[in-house]
Amino acid sequence: MKSVCVYCGSKPGANPRFAAAATSVGNLLAVSGRTLVYGGGRVGLMGSVADGSLAAGGRVIGVIPRSLVEKELAHAGLTELRVVPSMHERKAIMAELSDGFLVLPGGIGTLEEFFEIWTWAQLGMHAKPIGLLDVAGFYSPMLRFIDQLVEQKFVRTEHRELLLVSPDASDLLTRMASHRSPYVPKWIDDEST
């Protein structure tokens with residue numbers, strides 16, 4: 001796993017532990033020689049993860065739509081900043097450049113990116129690891145809901161198991177680096193058709 005896409009908020013959130021975790025993730029990626037791929041902003045958790053990596057000498061690639069360059073205050077100090085025409089292109093390029101995906105706390109955009117990349121894994125469009133960093137229990141309510149989706153047979157157990165979860169960034173990155181997504185040849189059960 002040479003590059004990791006980090007999805008996270010363009011705001012810092014209410015808990016200072018969120019920004020500390022983002023900085024730590026950026027630092028860990030740099031120290032381990034991994035490239036950070038992220039949304040290109042310099043504010044919120046996006047700025048924290050980028051600055052954490054840059055401060056440790058890491059390589060950072062930001063991908064940002066032209067329409068968000070000013071709104072998200074594009075980071076001017078990155079190794080590479082790609083300005084693209086649309087959100088769709090942003091997400092596709094970020095996925096293409098990355099060997100794994102790590103999700104930090106964030107809002108609607110972060111959740112949308114997470115659910116899309118998880119859906120792509122479910123459909124067999126990629127077999128890259130997906131990690132949720134559950135900082136201060138931030139994702140615990142969502143994970144309970146996801147487990148309910150499994151219980152109610154809207155999500156298969158094998159697809160739930162595609163998600164790696166930890167409150168510890170170092171542990172999560174280690175697990176992501178050694179994770180091999182299971183091959184699920186059929187994503188719709190016979191009884192569902």
# chains A, B, ... in the order shown; residues from 1 in each chain; ligands from 1
>>> select_by_dssp(residues="chain A", states="strand (DSSP E)", output="JSON, numbers by chain")
{"A": [3, 4, 5, 6, 7, 35, 36, 37, 38, 60, 61, 62, 63, 64, 65, 80, 81, 82, 83, 84, 100, 101, 102, 103, 130, 131, 132, 133, 163, 164, 165, 166]}
>>> write_last_selection(atoms="C-alpha atoms", output="PDB file, in the first residue's frame")
ATOM      1  CA  SER A   3      -0.698   5.570  -1.347  1.00  0.00           C
ATOM      2  CA  VAL A   4      -3.722   6.184   0.855  1.00  0.00           C
ATOM      3  CA  CYS A   5      -6.734   8.310   0.055  1.00  0.00           C
ATOM      4  CA  VAL A   6      -8.020  10.070   3.169  1.00  0.00           C
ATOM      5  CA  TYR A   7     -11.622  11.257   3.262  1.00  0.00           C
ATOM      6  CA  THR A  35       1.697   9.151  -0.361  1.00  0.00           C
ATOM      7  CA  LEU A  36      -1.354  10.971   0.983  1.00  0.00           C
ATOM      8  CA  VAL A  37      -4.123  11.543  -1.552  1.00  0.00           C
ATOM      9  CA  TYR A  38      -6.920  13.819  -0.357  1.00  0.00           C
ATOM     10  CA  VAL A  60       0.833  14.867  -0.678  1.00  0.00           C
ATOM     11  CA  ILE A  61      -1.441  14.942  -3.701  1.00  0.00           C
ATOM     12  CA  GLY A  62      -4.569  17.080  -3.479  1.00  0.00           C
ATOM     13  CA  VAL A  63      -7.444  16.770  -5.948  1.00  0.00           C
ATOM     14  CA  ILE A  64      -9.994  19.573  -5.920  1.00  0.00           C
ATOM     15  CA  PRO A  65     -12.763  20.726  -8.260  1.00  0.00           C
ATOM     16  CA  GLU A  80       0.963  18.233  -6.268  1.00  0.00           C
ATOM     17  CA  LEU A  81      -2.443  19.913  -6.570  1.00  0.00           C
ATOM     18  CA  ARG A  82      -4.750  18.737  -9.327  1.00  0.00           C
ATOM     19  CA  VAL A  83      -7.614  21.078 -10.157  1.00  0.00           C
ATOM     20  CA  VAL A  84     -10.372  19.174 -11.935  1.00  0.00           C
ATOM     21  CA  GLY A 100      -6.401   2.138   0.104  1.00  0.00           C
ATOM     22  CA  PHE A 101      -8.968   4.449   1.685  1.00  0.00           C
ATOM     23  CA  LEU A 102      -9.004   5.815   5.233  1.00  0.00           C
ATOM     24  CA  VAL A 103     -12.010   7.705   6.549  1.00  0.00           C
ATOM     25  CA  ILE A 130     -11.265   0.631   3.431  1.00  0.00           C
ATOM     26  CA  GLY A 131     -10.570   1.812   6.976  1.00  0.00           C
ATOM     27  CA  LEU A 132     -12.727   3.845   9.332  1.00  0.00           C
ATOM     28  CA  LEU A 133     -10.801   5.673  12.045  1.00  0.00           C
ATOM     29  CA  LEU A 163     -14.727  -2.312   6.446  1.00  0.00           C
ATOM     30  CA  LEU A 164     -11.758  -2.226   8.805  1.00  0.00           C
ATOM     31  CA  VAL A 165     -12.426  -0.204  11.961  1.00  0.00           C
ATOM     32  CA  SER A 166     -10.116   0.981  14.726  1.00  0.00           C
TER      33      SER A 166
END
>>> residues_around(residues="Ala30 of chain A", least_positions_apart="6", cutoff="12 Å", atoms="only C-alpha atoms", output="list in words")
Lys2, Ser3, Val4, Thr23, Ser24, Leu36, Val37, Val49, Ala50, Asp51, Gly52, Ser53, Leu54, Ala55, Ala56, Gly57, Gly58, Arg59 and Val60 of chain A
>>> closest_residue(among="A:Gly41, A:Gly26, A:Gly33, A:Pro182", to="Lys128 of chain A", atoms="only C-alpha atoms")
A:Pro182
>>> residues_around(residues="Leu162 of chain A", least_positions_apart="4", cutoff="8 Å", atoms="only C-alpha atoms", output="list in words")
Trp118, Ala121, Pro129, Ile130, Glu158, Ser181 and Pro182 of chain A
>>> atom_distance(atom1="atom CA of Asp147 of chain A", atom2="atom CA of His159 of chain A")
10.9 Å
>>> closest_residue(among="A:Gly109, A:Cys8, A:Ser32, A:Met1", to="Arg180 of chain A", atoms="only C-alpha atoms")
A:Met1
>>> select_by_dssp(residues="segment 18-172 of chain A", states="helix (DSSP H, G or I)", output="PDB file with C-alpha atoms, in the first residue's frame")
ATOM      1  CA  PHE A  18     -10.424  14.985  15.416  1.00  0.00           C
ATOM      2  CA  ALA A  19      -7.728  17.419  14.248  1.00  0.00           C
ATOM      3  CA  ALA A  20      -5.092  15.641  16.341  1.00  0.00           C
ATOM      4  CA  ALA A  21      -6.038  12.332  14.705  1.00  0.00           C
ATOM      5  CA  ALA A  22      -5.899  13.889  11.225  1.00  0.00           C
ATOM      6  CA  THR A  23      -2.434  15.302  11.897  1.00  0.00           C
ATOM      7  CA  SER A  24      -1.327  11.920  13.240  1.00  0.00           C
ATOM      8  CA  VAL A  25      -2.631  10.087  10.156  1.00  0.00           C
ATOM      9  CA  GLY A  26      -0.748  12.472   7.880  1.00  0.00           C
ATOM     10  CA  ASN A  27       2.404  12.011   9.918  1.00  0.00           C
ATOM     11  CA  LEU A  28       2.095   8.215   9.971  1.00  0.00           C
ATOM     12  CA  LEU A  29       1.636   8.112   6.204  1.00  0.00           C
ATOM     13  CA  ALA A  30       4.754  10.224   5.652  1.00  0.00           C
ATOM     14  CA  VAL A  31       6.896   8.287   8.126  1.00  0.00           C
ATOM     15  CA  GLY A  44     -10.442  21.754   8.689  1.00  0.00           C
ATOM     16  CA  LEU A  45      -9.332  18.152   8.976  1.00  0.00           C
ATOM     17  CA  MET A  46      -8.256  18.277   5.334  1.00  0.00           C
ATOM     18  CA  GLY A  47      -5.644  20.875   6.208  1.00  0.00           C
ATOM     19  CA  SER A  48      -4.593  18.971   9.335  1.00  0.00           C
ATOM     20  CA  VAL A  49      -3.954  15.687   7.515  1.00  0.00           C
ATOM     21  CA  ALA A  50      -2.027  17.433   4.729  1.00  0.00           C
ATOM     22  CA  ASP A  51       0.038  19.541   7.132  1.00  0.00           C
ATOM     23  CA  GLY A  52       0.777  16.474   9.278  1.00  0.00           C
ATOM     24  CA  SER A  53       2.165  14.656   6.268  1.00  0.00           C
ATOM     25  CA  LEU A  54       4.080  17.626   4.880  1.00  0.00           C
ATOM     26  CA  ALA A  55       5.657  18.383   8.275  1.00  0.00           C
ATOM     27  CA  ARG A  66     -12.310  24.168  -9.744  1.00  0.00           C
ATOM     28  CA  SER A  67     -15.571  25.311  -8.110  1.00  0.00           C
ATOM     29  CA  LEU A  68     -14.178  24.514  -4.644  1.00  0.00           C
ATOM     30  CA  MET A  87     -16.690  16.252  -8.099  1.00  0.00           C
ATOM     31  CA  HIS A  88     -17.101  13.085 -10.170  1.00  0.00           C
ATOM     32  CA  GLU A  89     -13.663  13.535 -11.688  1.00  0.00           C
ATOM     33  CA  ARG A  90     -12.218  14.370  -8.262  1.00  0.00           C
ATOM     34  CA  LYS A  91     -13.460  11.115  -6.753  1.00  0.00           C
ATOM     35  CA  ALA A  92     -12.408   9.014  -9.734  1.00  0.00           C
ATOM     36  CA  ILE A  93      -8.868  10.440  -9.742  1.00  0.00           C
ATOM     37  CA  MET A  94      -8.506  10.069  -5.974  1.00  0.00           C
ATOM     38  CA  ALA A  95      -9.568   6.417  -6.232  1.00  0.00           C
ATOM     39  CA  GLU A  96      -7.257   5.780  -9.175  1.00  0.00           C
ATOM     40  CA  LEU A  97      -4.235   7.243  -7.357  1.00  0.00           C
ATOM     41  CA  ILE A 108     -22.038  14.796   4.298  1.00  0.00           C
ATOM     42  CA  GLY A 109     -19.270  14.921   1.682  1.00  0.00           C
ATOM     43  CA  THR A 110     -17.054  12.572   3.677  1.00  0.00           C
ATOM     44  CA  LEU A 111     -19.924  10.131   4.172  1.00  0.00           C
ATOM     45  CA  GLU A 112     -20.835  10.287   0.489  1.00  0.00           C
ATOM     46  CA  GLU A 113     -17.245   9.491  -0.495  1.00  0.00           C
ATOM     47  CA  PHE A 114     -17.090   6.640   2.031  1.00  0.00           C
ATOM     48  CA  PHE A 115     -20.354   5.040   0.936  1.00  0.00           C
ATOM     49  CA  GLU A 116     -19.454   5.350  -2.732  1.00  0.00           C
ATOM     50  CA  ILE A 117     -16.045   3.704  -2.350  1.00  0.00           C
ATOM     51  CA  TRP A 118     -17.605   0.948  -0.199  1.00  0.00           C
ATOM     52  CA  THR A 119     -20.278   0.420  -2.861  1.00  0.00           C
ATOM     53  CA  TRP A 120     -17.562   0.154  -5.516  1.00  0.00           C
ATOM     54  CA  ALA A 121     -15.881  -2.550  -3.391  1.00  0.00           C
ATOM     55  CA  GLN A 122     -19.189  -4.387  -2.993  1.00  0.00           C
ATOM     56  CA  VAL A 135     -11.933   8.805  16.696  1.00  0.00           C
ATOM     57  CA  ALA A 136     -13.639   9.279  20.076  1.00  0.00           C
ATOM     58  CA  GLY A 137     -16.450   6.945  18.976  1.00  0.00           C
ATOM     59  CA  SER A 140     -19.901   4.073  16.434  1.00  0.00           C
ATOM     60  CA  PRO A 141     -23.566   5.074  15.802  1.00  0.00           C
ATOM     61  CA  MET A 142     -23.132   4.634  12.039  1.00  0.00           C
ATOM     62  CA  LEU A 143     -21.490   1.248  12.527  1.00  0.00           C
ATOM     63  CA  ARG A 144     -24.423   0.122  14.665  1.00  0.00           C
ATOM     64  CA  PHE A 145     -26.745   1.171  11.833  1.00  0.00           C
ATOM     65  CA  ILE A 146     -24.602  -0.688   9.289  1.00  0.00           C
ATOM     66  CA  ASP A 147     -24.840  -3.772  11.501  1.00  0.00           C
ATOM     67  CA  GLN A 148     -28.616  -3.331  11.462  1.00  0.00           C
ATOM     68  CA  LEU A 149     -28.472  -3.308   7.648  1.00  0.00           C
ATOM     69  CA  VAL A 150     -26.745  -6.696   7.874  1.00  0.00           C
ATOM     70  CA  GLU A 151     -29.300  -8.002  10.387  1.00  0.00           C
ATOM     71  CA  THR A 157     -21.870 -10.097   6.037  1.00  0.00           C
ATOM     72  CA  GLU A 158     -19.009 -10.392   3.527  1.00  0.00           C
ATOM     73  CA  HIS A 159     -19.563  -6.796   2.445  1.00  0.00           C
ATOM     74  CA  ARG A 160     -19.701  -5.560   6.051  1.00  0.00           C
ATOM     75  CA  ALA A 169      -4.480   5.180  13.358  1.00  0.00           C
ATOM     76  CA  SER A 170      -1.305   3.084  13.486  1.00  0.00           C
ATOM     77  CA  ASP A 171      -3.282  -0.111  14.055  1.00  0.00           C
ATOM     78  CA  LEU A 172      -5.694   0.755  11.259  1.00  0.00           C
TER      79      LEU A 172
END
>>> decode(residues="segment 93-159 of chain A", atoms="C-alpha atoms", output="compact mmCIF listing (two decimals), in the first residue's frame")
# COMPACT_ATOMS: atom_id res chain seq x y z
CA ILE A 93 -8.87 10.44 -9.74
CA MET A 94 -8.51 10.07 -5.97
CA ALA A 95 -9.57 6.42 -6.23
CA GLU A 96 -7.26 5.78 -9.17
CA LEU A 97 -4.24 7.24 -7.36
CA SER A 98 -4.84 5.28 -4.15
CA ASP A 99 -4.07 1.78 -2.89
CA GLY A 100 -6.40 2.14 0.10
CA PHE A 101 -8.97 4.45 1.68
CA LEU A 102 -9.00 5.81 5.23
CA VAL A 103 -12.01 7.71 6.55
CA LEU A 104 -11.63 10.31 9.29
CA PRO A 105 -14.54 12.23 10.85
CA GLY A 106 -16.39 14.51 8.48
CA GLY A 107 -19.78 15.60 7.22
CA ILE A 108 -22.04 14.80 4.30
CA GLY A 109 -19.27 14.92 1.68
CA THR A 110 -17.05 12.57 3.68
CA LEU A 111 -19.92 10.13 4.17
CA GLU A 112 -20.83 10.29 0.49
CA GLU A 113 -17.25 9.49 -0.50
CA PHE A 114 -17.09 6.64 2.03
CA PHE A 115 -20.35 5.04 0.94
CA GLU A 116 -19.45 5.35 -2.73
CA ILE A 117 -16.05 3.70 -2.35
CA TRP A 118 -17.61 0.95 -0.20
CA THR A 119 -20.28 0.42 -2.86
CA TRP A 120 -17.56 0.15 -5.52
CA ALA A 121 -15.88 -2.55 -3.39
CA GLN A 122 -19.19 -4.39 -2.99
CA LEU A 123 -19.67 -4.35 -6.76
CA GLY A 124 -16.15 -5.69 -7.30
CA MET A 125 -14.92 -2.48 -8.92
CA HIS A 126 -11.88 -2.49 -6.61
CA ALA A 127 -10.35 -4.70 -3.92
CA LYS A 128 -8.56 -1.96 -1.97
CA PRO A 129 -8.81 -1.79 1.84
CA ILE A 130 -11.27 0.63 3.43
CA GLY A 131 -10.57 1.81 6.98
CA LEU A 132 -12.73 3.84 9.33
CA LEU A 133 -10.80 5.67 12.04
CA ASP A 134 -13.33 5.76 14.87
CA VAL A 135 -11.93 8.81 16.70
CA ALA A 136 -13.64 9.28 20.08
CA GLY A 137 -16.45 6.95 18.98
CA PHE A 138 -17.43 9.25 16.10
CA TYR A 139 -18.45 6.40 13.78
CA SER A 140 -19.90 4.07 16.43
CA PRO A 141 -23.57 5.07 15.80
CA MET A 142 -23.13 4.63 12.04
CA LEU A 143 -21.49 1.25 12.53
CA ARG A 144 -24.42 0.12 14.67
CA PHE A 145 -26.74 1.17 11.83
CA ILE A 146 -24.60 -0.69 9.29
CA ASP A 147 -24.84 -3.77 11.50
CA GLN A 148 -28.62 -3.33 11.46
CA LEU A 149 -28.47 -3.31 7.65
CA VAL A 150 -26.74 -6.70 7.87
CA GLU A 151 -29.30 -8.00 10.39
CA GLN A 152 -32.14 -6.89 8.11
CA LYS A 153 -30.42 -8.54 5.11
CA PHE A 154 -29.81 -5.38 3.09
CA VAL A 155 -26.02 -5.83 3.37
CA ARG A 156 -24.22 -9.16 3.20
CA THR A 157 -21.87 -10.10 6.04
CA GLU A 158 -19.01 -10.39 3.53
CA HIS A 159 -19.56 -6.80 2.45
